[in-house]
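Engineer: Below is input-v2.txt; it holds compact mmCIF, C-alpha atoms.
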# COMPACT_ATOMS: atom_id res chain seq x y z
CA MET J 1 -13.31 59.81 25.49
CA LYS J 2 -10.29 61.99 26.21
CA ALA J 3 -12.35 63.93 28.72
CA VAL J 4 -13.03 60.74 30.63
CA LYS J 5 -9.37 59.80 30.74
CA THR J 6 -8.45 63.29 31.88
CA ALA J 7 -10.99 63.12 34.68
CA ILE J 8 -9.68 59.72 35.69
CA THR J 9 -6.13 60.95 36.17
CA ALA J 10 -7.14 64.25 37.74
CA SER J 11 -8.23 62.97 41.16
CA PRO J 12 -5.45 62.22 43.68
CA THR J 13 -7.78 60.40 46.10
CA VAL J 14 -9.24 57.62 43.92
CA SER J 15 -7.78 55.23 41.38
CA PRO J 16 -8.48 55.64 37.64
CA GLN J 17 -10.73 52.57 37.70
CA GLU J 18 -12.72 53.89 40.65
CA GLU J 19 -13.12 57.24 38.92
CA VAL J 20 -14.37 55.82 35.63
CA TRP J 21 -16.73 53.52 37.54
CA ASN J 22 -18.10 56.48 39.50
CA GLN J 23 -18.67 58.46 36.29
CA PHE J 24 -20.37 55.47 34.68
CA ARG J 25 -22.72 55.05 37.66
CA GLN J 26 -23.57 58.74 37.40
CA GLY J 27 -24.69 58.24 33.79
CA SER J 28 -21.60 59.11 31.74
CA ARG J 29 -21.88 57.39 28.36
CA ASP J 30 -18.20 58.17 27.72
CA ALA J 31 -17.23 56.26 30.85
CA PHE J 32 -19.50 53.37 29.83
CA ALA J 33 -17.93 53.32 26.36
CA LEU J 34 -14.47 53.33 27.92
CA ILE J 35 -15.34 50.34 30.10
CA TYR J 36 -16.60 48.48 27.05
CA GLN J 37 -13.57 49.33 24.91
CA GLU J 38 -11.07 48.31 27.57
CA HIS J 39 -12.70 45.04 28.62
CA ALA J 40 -14.95 43.64 25.87
CA ASP J 41 -12.21 41.72 24.05
CA HIS J 42 -10.99 40.19 27.31
CA LEU J 43 -14.51 39.10 28.24
CA TYR J 44 -15.04 37.57 24.82
CA HIS J 45 -11.80 35.59 24.87
CA TYR J 46 -12.40 34.39 28.42
CA GLY J 47 -15.96 33.39 27.59
CA CYS J 48 -14.88 31.44 24.51
CA HIS J 49 -12.23 29.60 26.53
CA PHE J 50 -14.78 28.97 29.25
CA CYS J 51 -17.57 27.35 27.23
CA GLY J 52 -16.52 27.31 23.57
CA ASP J 53 -19.94 28.52 22.33
CA VAL J 54 -19.29 31.79 20.49
CA GLU J 55 -22.96 32.74 20.11
CA LEU J 56 -23.65 32.03 23.76
CA VAL J 57 -20.71 34.23 24.76
CA ARG J 58 -21.85 37.07 22.52
CA ASP J 59 -25.39 36.90 23.88
CA ALA J 60 -24.10 36.88 27.46
CA MET J 61 -21.91 39.89 26.78
CA GLN J 62 -24.74 41.82 25.17
CA GLU J 63 -27.01 41.10 28.12
CA LEU J 64 -24.26 41.94 30.60
CA PHE J 65 -23.54 45.40 29.19
CA HIS J 66 -27.25 46.10 28.69
CA ASP J 67 -27.95 45.24 32.32
CA LEU J 68 -24.94 47.22 33.52
CA TRP J 69 -26.28 50.38 31.92
CA GLN J 70 -29.88 49.81 33.00
CA THR J 71 -28.97 49.08 36.63
CA ARG J 72 -25.92 51.36 36.96
CA GLU J 73 -27.39 53.43 39.78
CA HIS J 74 -27.90 50.31 41.91
CA LEU J 75 -24.48 48.73 41.36
CA ALA J 76 -21.72 48.68 43.96
CA ASP J 77 -20.41 52.21 44.42
CA GLN J 78 -16.79 51.12 44.84
CA ILE J 79 -15.12 48.83 42.30
CA GLN J 80 -11.34 48.63 42.50
CA ASN J 81 -10.90 46.14 39.65
CA ILE J 82 -13.45 46.51 36.88
CA ARG J 83 -12.10 43.57 34.88
CA TYR J 84 -12.48 41.22 37.84
CA TYR J 85 -16.05 42.40 38.31
CA LEU J 86 -16.89 41.86 34.63
CA LEU J 87 -15.14 38.50 34.34
CA SER J 88 -16.97 37.26 37.43
CA SER J 89 -20.25 38.50 35.99
CA ILE J 90 -19.81 36.86 32.59
CA ARG J 91 -18.74 33.59 34.25
CA ARG J 92 -21.89 33.50 36.39
CA ARG J 93 -24.09 34.28 33.39
CA LEU J 94 -22.53 31.56 31.28
CA LEU J 95 -22.90 28.99 34.04
CA ARG J 96 -26.56 29.91 34.58
CA THR J 97 -27.29 29.64 30.86
CA LEU J 98 -25.48 26.33 30.52
CA GLU J 99 -27.42 24.97 33.47
CA LYS J 100 -30.72 26.21 32.06
CA ASN J 101 -30.07 24.83 28.58
CA ARG J 102 -28.70 21.55 29.93
CA ARG J 103 -26.05 21.54 27.26
CA LEU J 104 -24.00 19.20 29.38
CA LEU J 105 -25.34 16.59 31.75
CA THR J 106 -23.23 16.90 34.88
CA SER J 107 -22.49 19.57 37.45
CA ALA J 108 -22.16 23.29 36.85
CA ALA J 109 -18.40 23.03 37.29
CA ASP J 110 -18.21 20.43 34.52
CA MET J 111 -20.47 22.53 32.32
CA ALA J 112 -17.59 24.94 31.89
CA GLY J 113 -16.05 22.39 29.52
CA ASP J 114 -12.37 21.84 29.04
CA PHE J 115 -11.42 25.54 29.15
CA GLU J 116 -9.31 25.13 26.03
CA LEU J 117 -6.79 27.91 25.46
CA ILE J 118 -6.28 28.99 21.86
CA PRO J 119 -4.04 31.89 20.77
CA SER J 120 -6.07 34.69 19.26
CA LYS J 121 -5.61 35.32 15.53
CA GLU J 122 -4.62 38.90 16.31
CA HIS J 123 -1.87 37.69 18.65
CA LEU J 124 -0.50 35.30 16.07
CA ILE J 125 -0.51 37.91 13.32
CA ILE J 126 1.68 40.35 15.23
CA GLN J 127 4.31 37.71 16.09
CA ASP J 128 7.14 36.64 13.82
CA GLU J 129 7.42 32.97 12.85
CA TYR J 130 9.71 32.05 15.76
CA GLN J 131 7.47 33.80 18.30
CA GLN J 132 4.39 32.15 16.81
CA GLU J 133 5.97 28.75 17.33
CA GLN J 134 6.83 29.63 20.93
CA LEU J 135 3.27 30.81 21.51
CA LYS J 136 1.86 27.56 20.13
CA GLN J 137 4.21 25.62 22.42
CA LEU J 138 2.95 27.60 25.40
CA TYR J 139 -0.71 27.02 24.61
CA ALA J 140 -0.13 23.32 23.93
CA ALA J 141 1.48 22.97 27.37
CA LEU J 142 -1.32 24.98 29.02
CA ASN J 143 -3.94 22.74 27.45
CA ALA J 144 -2.14 19.70 28.87
CA LEU J 145 -2.91 20.95 32.39
CA PRO J 146 -6.09 19.98 34.28
CA ARG J 147 -8.99 22.32 33.52
CA ARG J 148 -9.06 24.20 36.83
CA GLN J 149 -5.31 24.77 36.65
CA ARG J 150 -5.73 26.18 33.14
CA GLU J 151 -8.43 28.60 34.22
CA ALA J 152 -6.51 29.73 37.30
CA ILE J 153 -3.31 30.26 35.28
CA TYR J 154 -5.25 32.14 32.61
CA LEU J 155 -6.88 34.47 35.13
CA ARG J 156 -3.63 35.05 37.01
CA PHE J 157 -1.23 35.70 34.14
CA PHE J 158 -3.42 36.80 31.24
CA HIS J 159 -5.76 39.02 33.28
CA GLU J 160 -3.51 39.73 36.27
CA LEU J 161 -6.18 38.92 38.85
CA SER J 162 -5.09 38.47 42.43
CA TYR J 163 -5.21 35.10 44.15
CA GLN J 164 -8.09 36.39 46.26
CA GLU J 165 -10.04 37.43 43.15
CA ILE J 166 -9.42 34.08 41.45
CA ALA J 167 -10.61 32.29 44.58
CA GLY J 168 -13.80 34.35 44.54
CA MET J 169 -14.45 33.67 40.86
CA MET J 170 -13.79 29.94 41.04
CA SER J 171 -15.43 29.38 44.45
CA MET J 172 -12.19 28.16 46.00
CA LYS J 173 -10.13 28.92 49.07
CA VAL J 174 -7.18 31.24 48.51
CA ASP J 175 -4.75 28.56 49.70
CA SER J 176 -6.17 26.18 47.12
CA VAL J 177 -5.59 28.74 44.37
CA TYR J 178 -1.97 29.14 45.47
CA ASN J 179 -1.57 25.36 45.40
CA ILE J 180 -3.04 24.73 41.96
CA ILE J 181 -1.14 27.61 40.37
CA SER J 182 2.10 26.47 41.99
CA LYS J 183 1.53 22.93 40.72
CA ALA J 184 0.67 24.21 37.28
CA ILE J 185 3.82 26.32 37.05
CA GLY J 186 5.90 23.35 38.18
CA MET J 187 4.40 21.19 35.44
CA LEU J 188 4.89 23.89 32.82
CA LYS J 189 8.54 24.32 33.75
CA LYS J 190 9.06 20.62 33.06
CA MET J 191 7.38 20.90 29.65
CA LEU J 192 8.69 24.24 28.40
CA PRO J 193 12.08 25.90 27.91
CA PRO J 194 12.70 29.13 29.88
CA ALA J 195 12.24 31.31 26.78
CA VAL J 196 8.67 30.05 26.38
CA MET J 197 7.93 30.35 30.10
CA VAL J 198 8.68 34.06 29.74
CA LEU J 199 5.62 34.33 27.47
CA LEU J 200 3.49 33.10 30.34
CA MET J 201 4.91 35.53 32.87
CA TYR J 202 4.63 38.39 30.35
CA PRO J 203 1.75 37.36 28.02
CA GLY J 204 1.64 40.76 26.37
CA ARG J 205 5.08 40.33 24.89
Step by step, read the file and then write its structure as structure tokens.

Structural biologist:
Amino acid sequence: MKAVKTAITASPTVSPQEEVWNQFRQGSRDAFALIYQEHADHLYHYGCHFCGDVELVRDAMQELFHDLWQTREHLADQIQNIRYYLLSSIRRRLLRTLEKNRRLLTSAADMAGDFELIPSKEHLIIQDEYQQEQLKQLYAALNALPRRQREAIYLRFFHELSYQEIAGMMSMKVDSVYNIISKAIGMLKKMLPPAVMVLLMYPGR
């Protein structure tokens, strides 16, 4: 694994993500393992927020990484944001499966469910009691937002996707993404004290 990271930082002409993607496409199992280690947890949490069916998310992830390896030579040769690529892929897979299984009766957009945000157990464990309470306040306020606002906020601040990437994932115009995120932040500011808003702007804290 260290060899992969060394190779990633060695090239002055491509980004680390582009380098690891190139090595993966060329058949490097170390690069493939690195992609999995860096993004699997994020895909799982996003998938669980997205549809709430843990087994469905796990199956989709297994199929996604299996297909990635099997079709690596035919994938796009330039990926600047691997997480965006993977999140988009898992979202499409979950929507297709939900449509096929007819788990909900309306449109594909509604099949995504309420996109409920729940703090991970790992995140709660590492926080002290005061920080845990702040985190619960944040998630309660996030879950009071409309579903599309929740998903856009989650992708923007928890995964640091660009507005353009969020628009692509959610099949929206970029201006619309700006609008719903701006409205969401305005609503959150009315519901939360500044100290809790900091947790949204810096979710890793």

Engineer: If we count only C-alpha atoms, what is near Phe65 in chain J at a cut-off of 10 Å, once residues fewer than 3 positions away on the same chain are taken out, given as a list in words?

Structural biologist: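 After dropping sequence-adjacent residues, the list is Phe32, Ile35, Tyr36, Ala40, Ala60, Met61, Gln62, Leu68, Trp69, Gln70, Thr71, Leu86 and Ile90 of chain J.
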
Engineer: Between CA of Glu63 in chain J and CA of Ser88 in chain J, measure the distance and give it in Å to one decimal.

Structural biologist: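 Separation of CA of Glu63 in chain J and CA of Ser88 in chain J: 14.2 Å.
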
Engineer: To one decimal in Å, tell me the separation between CA of Leu188 in chain J and CA of Leu142 in chain J.

Structural biologist: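 Distance reported for this atom pair: 7.4 Å.
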
Engineer: Considering only C-alpha atoms, can you say which of J:Asp53, J:Asp77, J:Glu151, J:Asp59 comes closest to Arg25 in chain J?

Structural biologist: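 Using only C-alpha atoms, the shortest distance to Arg25 in chain J belongs to J:Asp77.
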
Engineer: Compare J:Met201, J:Leu192, J:Leu98, J:Leu161 by their minimum atom-to-atom distance to Val177 in chain J, counting only C-alpha atoms, and give me the closest one.

Structural biologist: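 Answer, going by the shortest atom-to-atom distance: J:Leu161.
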
Engineer: What does the structure give for the distance between CA of Phe115 in chain J and CA of Ser176 in chain J, in Å to one decimal?

Structural biologist: 18.7 Å

Engineer: Between J:Arg148, J:Tyr44, J:Asn101, J:Val54, which is the closest to Met172 in chain J once you count all atoms listed in the file?

Structural biologist: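 Checking each of J:Arg148, J:Tyr44, J:Asn101, J:Val54 against Met172 in chain J, counting all atoms listed in the file, the winner is J:Arg148.
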
Engineer: Closest to Gln37 in chain J among J:Gln131, J:Lys100, J:Arg83, J:Ala195, using all atoms listed in the file?

Structural biologist: J:Arg83

Engineer: May I ask which of the residues J:Glu18, J:Asp175, J:Glu133, J:Glu116 is the closest one to Tyr46 in chain J, counting all atoms listed in the file?

Structural biologist: J:Glu116

Engineer: Which residue, J:Ile180, J:Tyr163, J:Val198, J:Leu34, has the smallest gap to Gln134 in chain J when you use only C-alpha atoms?

Structural biologist: J:Val198

Engineer: Can you fill out range 80-93 of chain J with N, CA, C and O atoms and hand it back as a PDB file, in the frame of the given file?

Structural biologist:
ATOM      1  N   GLN J  80     -12.770  48.373  42.652  1.00  0.00           N
ATOM      2  CA  GLN J  80     -11.340  48.630  42.500  1.00  0.00           C
ATOM      3  C   GLN J  80     -10.749  47.933  41.285  1.00  0.00           C
ATOM      4  O   GLN J  80      -9.700  48.345  40.783  1.00  0.00           O
ATOM      5  N   ASN J  81     -11.386  46.863  40.822  1.00  0.00           N
ATOM      6  CA  ASN J  81     -10.900  46.140  39.650  1.00  0.00           C
ATOM      7  C   ASN J  81     -12.087  45.821  38.755  1.00  0.00           C
ATOM      8  O   ASN J  81     -12.803  44.851  38.971  1.00  0.00           O
ATOM      9  N   ILE J  82     -12.293  46.662  37.753  1.00  0.00           N
ATOM     10  CA  ILE J  82     -13.450  46.510  36.880  1.00  0.00           C
ATOM     11  C   ILE J  82     -13.392  45.198  36.115  1.00  0.00           C
ATOM     12  O   ILE J  82     -14.403  44.530  35.944  1.00  0.00           O
ATOM     13  N   ARG J  83     -12.203  44.811  35.665  1.00  0.00           N
ATOM     14  CA  ARG J  83     -12.100  43.570  34.880  1.00  0.00           C
ATOM     15  C   ARG J  83     -12.509  42.359  35.715  1.00  0.00           C
ATOM     16  O   ARG J  83     -13.199  41.476  35.221  1.00  0.00           O
ATOM     17  N   TYR J  84     -12.071  42.326  36.957  1.00  0.00           N
ATOM     18  CA  TYR J  84     -12.480  41.220  37.840  1.00  0.00           C
ATOM     19  C   TYR J  84     -13.999  41.179  37.971  1.00  0.00           C
ATOM     20  O   TYR J  84     -14.620  40.111  37.886  1.00  0.00           O
ATOM     21  N   TYR J  85     -14.595  42.324  38.169  1.00  0.00           N
ATOM     22  CA  TYR J  85     -16.050  42.400  38.310  1.00  0.00           C
ATOM     23  C   TYR J  85     -16.743  41.874  37.057  1.00  0.00           C
ATOM     24  O   TYR J  85     -17.696  41.085  37.135  1.00  0.00           O
ATOM     25  N   LEU J  86     -16.260  42.270  35.881  1.00  0.00           N
ATOM     26  CA  LEU J  86     -16.890  41.860  34.630  1.00  0.00           C
ATOM     27  C   LEU J  86     -16.647  40.386  34.327  1.00  0.00           C
ATOM     28  O   LEU J  86     -17.560  39.680  33.869  1.00  0.00           O
ATOM     29  N   LEU J  87     -15.422  39.914  34.561  1.00  0.00           N
ATOM     30  CA  LEU J  87     -15.140  38.500  34.340  1.00  0.00           C
ATOM     31  C   LEU J  87     -15.989  37.617  35.250  1.00  0.00           C
ATOM     32  O   LEU J  87     -16.518  36.590  34.818  1.00  0.00           O
ATOM     33  N   SER J  88     -16.126  38.017  36.501  1.00  0.00           N
ATOM     34  CA  SER J  88     -16.970  37.260  37.430  1.00  0.00           C
ATOM     35  C   SER J  88     -18.416  37.245  36.954  1.00  0.00           C
ATOM     36  O   SER J  88     -19.101  36.213  37.015  1.00  0.00           O
ATOM     37  N   SER J  89     -18.868  38.393  36.446  1.00  0.00           N
ATOM     38  CA  SER J  89     -20.250  38.500  35.990  1.00  0.00           C
ATOM     39  C   SER J  89     -20.507  37.627  34.777  1.00  0.00           C
ATOM     40  O   SER J  89     -21.535  36.931  34.709  1.00  0.00           O
ATOM     41  N   ILE J  90     -19.601  37.652  33.807  1.00  0.00           N
ATOM     42  CA  ILE J  90     -19.810  36.860  32.590  1.00  0.00           C
ATOM     43  C   ILE J  90     -19.714  35.366  32.910  1.00  0.00           C
ATOM     44  O   ILE J  90     -20.436  34.545  32.343  1.00  0.00           O
ATOM     45  N   ARG J  91     -18.857  35.000  33.860  1.00  0.00           N
ATOM     46  CA  ARG J  91     -18.740  33.590  34.250  1.00  0.00           C
ATOM     47  C   ARG J  91     -20.051  33.096  34.862  1.00  0.00           C
ATOM     48  O   ARG J  91     -20.535  32.004  34.531  1.00  0.00           O
ATOM     49  N   ARG J  92     -20.628  33.891  35.754  1.00  0.00           N
ATOM     50  CA  ARG J  92     -21.890  33.500  36.390  1.00  0.00           C
ATOM     51  C   ARG J  92     -23.008  33.377  35.355  1.00  0.00           C
ATOM     52  O   ARG J  92     -23.825  32.449  35.402  1.00  0.00           O
ATOM     53  N   ARG J  93     -23.046  34.314  34.421  1.00  0.00           N
ATOM     54  CA  ARG J  93     -24.090  34.280  33.390  1.00  0.00           C
ATOM     55  C   ARG J  93     -23.951  33.037  32.513  1.00  0.00           C
ATOM     56  O   ARG J  93     -24.952  32.387  32.176  1.00  0.00           O
TER      57      ARG J  93
END
